[in-house]
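S.K.: This structure is in structure tokens; I'll ask about it shortly.
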2 protein chains.
Amino acid sequence: MPGYPKSIEKLISELQKLPGIGKRSAERIALDMLRRDKEESFTLAGSIRDVFSSVKECRLCHAFSDGDICEICSSQTRDRDIICVVEEPKEVYSIEATSDYNGLYHVLKGRISPLDGIGPEDLTVRQLLERIKKGKFKEIILATNSDIDGEATSVYLAEEIKPLKVKLTRIAFGLPVGGLLDYVDKLTISKALEGRREI
Amino acid sequence: MPGYPKSIEKLISELQKLPGIGKRSAERIALDMLRRDKEESFTLAGSIRDVFSSVKECRLCHAFSDGDICEICSSQTRDRDIICVVEEPKEVYSIEATSDYNGLYHVLKGRISPLDGIGPEDLTVRQLLERIKKGKFKEIILATNSDIDGEATSVYLAEEIKPLKVKLTRIAFGLPVGGLLDYVDKLTISKALEGRREI
């Protein structure tokens, strides 16, 4: 069976590497590009290149930034005495989307994972500890994920931060809103029970 | 609420123009690109550009092609006396995927649509008629879509092709395999009734 011309085949296989894009979607996108205005697709190609040259890492919190210091770190309307510690830059946006948090962030740029050979020295742990020592913070929130590596990272950080005499909290784990006990895994139910609060 | 750095924002909005990519998927793809190796994303950007410079249009059938004449038109193992007429180049691949057709194709590069000001002269209708006149074909299959414009295009083509004394067929419309009468629209049921065959 004759397939796509080689350059279309190549584009489809590259598109398939994107998260959430299967073979069918990749084919649809590639063939749609060829139908559309060439300039539009060139703009996309340009944006992909631009993002790597333009996006910087904030010198303070290590999140994505337009400049040397990100918008959040340089804002004067944020609570500058709380730091929320997350694993990845993208998690900053997940929390920002809730509009429920108005403090600062610290991006670890990964998680401690002995099996992958990733230790604290590969992350921005040292920088976090220095920030806490130098500044006057009233709370550090650990918002690493709830899986094994995320939990281990949180435990490690807790041990390092506790001697610095600052209030340390961990985000809550439990039933997701709208989640049914029936459909939720055992570990989540255990966490939900463990974290129960008096009403 | 501070948003993404500008170049990420731009990339997200460009990605959202792709078919089937909503805001969430676009965000996930953009942020994932920044996590991955820069080279991988540059390869994708390059593939997008390449596809426009490399993909040609087959001089005979007007499908996508690596060279002047596509693989199907130049193959000696295909049935060279049947033409299947489709609207768009991508539809060639949908039919090829079935492995049930071994003839040639003719891509109209659109459909007749008076409301959009698209007439037969904007399509490759003239080229199709010339191919039929010049060649020795035993069958022309009209595989334009089953919507109003596709149907109108098929009716128009039938009138033009009939005087050329060649067997002319239209692909069948009816219940999709696995489709339930309950869930299928009235028009499809009408077509399924109309196209009923003795068993």
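Each chain in the structure tokens gets a letter, A, B and so on, in the order shown; residues start at 1 in every chain, and ligands are counted from 1 in the order they appear.
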Find the residues of chain A that sit at most 8 Å from chain B; for each, write down the nearest two atoms and how far apart they are in Å, to one decimal. Count only C-alpha atoms. Sort by chain, then by number going up, and give it as CSV.

M.R.:
```
residue,atom,partner,partner_atom,distance
A:Met1,CA,B:Glu96,CA,6.9
A:Pro2,CA,B:Glu71,CA,6.5
A:Gly3,CA,B:Tyr93,CA,7.4
A:Tyr4,CA,B:Tyr93,CA,7.5
A:Pro5,CA,B:Asp66,CA,5.1
A:Lys6,CA,B:Asp66,CA,6.7
A:Ser7,CA,B:Val51,CA,5.2
A:Ile8,CA,B:Val51,CA,6.0
A:Lys10,CA,B:Ser47,CA,6.8
A:Leu11,CA,B:Ser47,CA,5.2
A:Glu14,CA,B:Leu44,CA,5.6
A:Leu15,CA,B:Leu44,CA,7.0
A:Leu18,CA,B:Ile29,CA,6.2
A:Pro19,CA,B:Ile29,CA,6.0
A:Gly20,CA,B:Ser25,CA,7.4
A:Ser25,CA,B:Gly20,CA,7.4
A:Arg28,CA,B:Pro19,CA,7.1
A:Ile29,CA,B:Pro19,CA,6.0
A:Leu31,CA,B:Lys90,CA,6.3
A:Asp32,CA,B:Pro19,CA,7.3
A:Met33,CA,B:Leu18,CA,7.9
A:Leu34,CA,B:Phe52,CA,7.1
A:Lys38,CA,B:Phe52,CA,7.1
A:Ser41,CA,B:Ile48,CA,6.9
A:Phe42,CA,B:Arg49,CA,6.3
A:Thr43,CA,B:Glu14,CA,7.6
A:Leu44,CA,B:Glu14,CA,5.6
A:Ala45,CA,B:Ala45,CA,4.4
A:Gly46,CA,B:Ala45,CA,7.2
A:Ser47,CA,B:Leu11,CA,5.2
A:Ile48,CA,B:Ala45,CA,6.3
A:Arg49,CA,B:Phe42,CA,6.3
A:Asp50,CA,B:Ser7,CA,6.7
A:Val51,CA,B:Ser7,CA,5.2
A:Phe52,CA,B:Lys38,CA,7.1
A:Ser54,CA,B:Ser7,CA,6.4
A:Val55,CA,B:Ser7,CA,6.7
A:Phe64,CA,B:Pro5,CA,6.8
A:Ser65,CA,B:Pro5,CA,5.5
A:Asp66,CA,B:Pro5,CA,5.1
A:Glu71,CA,B:Pro2,CA,6.5
A:Ile72,CA,B:Pro2,CA,6.7
A:Lys90,CA,B:Leu31,CA,6.2
A:Tyr93,CA,B:Gly3,CA,7.4
A:Glu96,CA,B:Met1,CA,6.8
A:Ala97,CA,B:Met1,CA,8.0
A:Ser99,CA,B:Met1,CA,7.0
```

S.K.: Find the spatial neighbours of range 128-132 of chain B, counting only C-alpha atoms, within a cut-off of 10 Å - ignore same-chain residues fewer than 4 positions away - and output them as a list of chain:residue names.

M.R.: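 These residues fall inside the cut-off: B:Leu60, B:Cys61, B:His62, B:Asp81, B:Ile82, B:Ile83, B:Val85, B:Tyr105, B:His106, B:Val107, B:Leu108, B:Leu123, B:Thr124, B:Lys136, B:Phe137, B:Lys138, B:Glu139, B:Ile140, B:Leu157, B:Glu160, B:Ile161, B:Leu164, B:Lys165, B:Val166.
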
S.K.: Using DSSP secondary structure from the backbone, list all strand (DSSP E or B) positions within range 57-102 of chain B, as an mmCIF file with N, CA, C and O atoms, in the first residue's frame.

M.R.:
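Output file part_26.cif follows:
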```
data_model
loop_
_atom_site.group_PDB
_atom_site.id
_atom_site.type_symbol
_atom_site.label_atom_id
_atom_site.label_comp_id
_atom_site.auth_asym_id
_atom_site.auth_seq_id
_atom_site.Cartn_x
_atom_site.Cartn_y
_atom_site.Cartn_z
ATOM 1 N N GLU B 57 2.380 18.243 -6.029
ATOM 2 C CA GLU B 57 1.064 17.759 -6.420
ATOM 3 C C GLU B 57 1.271 16.879 -7.647
ATOM 4 O O GLU B 57 1.935 17.288 -8.600
ATOM 5 N N PHE B 64 -1.188 14.421 -3.173
ATOM 6 C CA PHE B 64 0.151 14.773 -2.692
ATOM 7 C C PHE B 64 1.139 13.782 -3.274
ATOM 8 O O PHE B 64 0.827 12.609 -3.465
ATOM 9 N N SER B 65 2.349 14.266 -3.528
ATOM 10 C CA SER B 65 3.339 13.401 -4.148
ATOM 11 C C SER B 65 4.748 13.831 -3.775
ATOM 12 O O SER B 65 4.999 15.007 -3.489
ATOM 13 N N ILE B 82 -9.378 2.053 -13.658
ATOM 14 C CA ILE B 82 -10.426 2.555 -12.757
ATOM 15 C C ILE B 82 -9.925 3.848 -12.112
ATOM 16 O O ILE B 82 -8.768 3.918 -11.685
ATOM 17 N N ILE B 83 -10.788 4.850 -12.049
ATOM 18 C CA ILE B 83 -10.439 6.085 -11.338
ATOM 19 C C ILE B 83 -11.454 6.299 -10.221
ATOM 20 O O ILE B 83 -12.663 6.201 -10.451
ATOM 21 N N CYS B 84 -10.970 6.579 -9.041
ATOM 22 C CA CYS B 84 -11.847 6.942 -7.928
ATOM 23 C C CYS B 84 -11.689 8.448 -7.705
ATOM 24 O O CYS B 84 -10.580 8.937 -7.461
ATOM 25 N N VAL B 85 -12.797 9.179 -7.819
ATOM 26 C CA VAL B 85 -12.749 10.638 -7.727
ATOM 27 C C VAL B 85 -13.067 11.081 -6.302
ATOM 28 O O VAL B 85 -14.125 10.744 -5.763
ATOM 29 N N VAL B 86 -12.127 11.793 -5.669
ATOM 30 C CA VAL B 86 -12.347 12.285 -4.300
ATOM 31 C C VAL B 86 -12.191 13.805 -4.274
ATOM 32 O O VAL B 86 -11.663 14.400 -5.216
#
```

S.K.: Can you tell me, as number ranges by chain, which residues in chain B count as alpha helix (DSSP H) by DSSP?

M.R.: B: 6-15, 23-35, 38-54, 71-74, 89-96, 125-134, 148-161, 186-194

S.K.: How far is it from CA of Pro163 in chain A to CA of Ala143 in chain A, in Å with one decimal?

M.R.: 19.4 Å

S.K.: For a test of reading the model, state the distance in Å between CA of Phe173 in chain B and CA of Val125 in chain B, rounded to one decimal.

M.R.: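 Separation of CA of Phe173 in chain B and CA of Val125 in chain B: 23.1 Å.
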
S.K.: Can you pull out every residue within 9 Å of Ile171 in chain B, counting only C-alpha atoms, but drop anything in the same chain fewer than 3 positions away, and send it as a ChimeraX atom specification?

M.R.: /B:141-144

S.K.: From the list B:Gly179, B:Pro120, B:Gly174, B:Gly150, which residue is nearest Ala192 in chain B when using only C-alpha atoms?

M.R.: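 Among the listed residues, the smallest separation from Ala192 in chain B belongs to B:Gly174.
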
S.K.: How many Å lie between CA of Ile69 in chain A and CA of Tyr156 in chain A, rounded to one decimal?

M.R.: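 These two atoms are separated by 27.2 Å.
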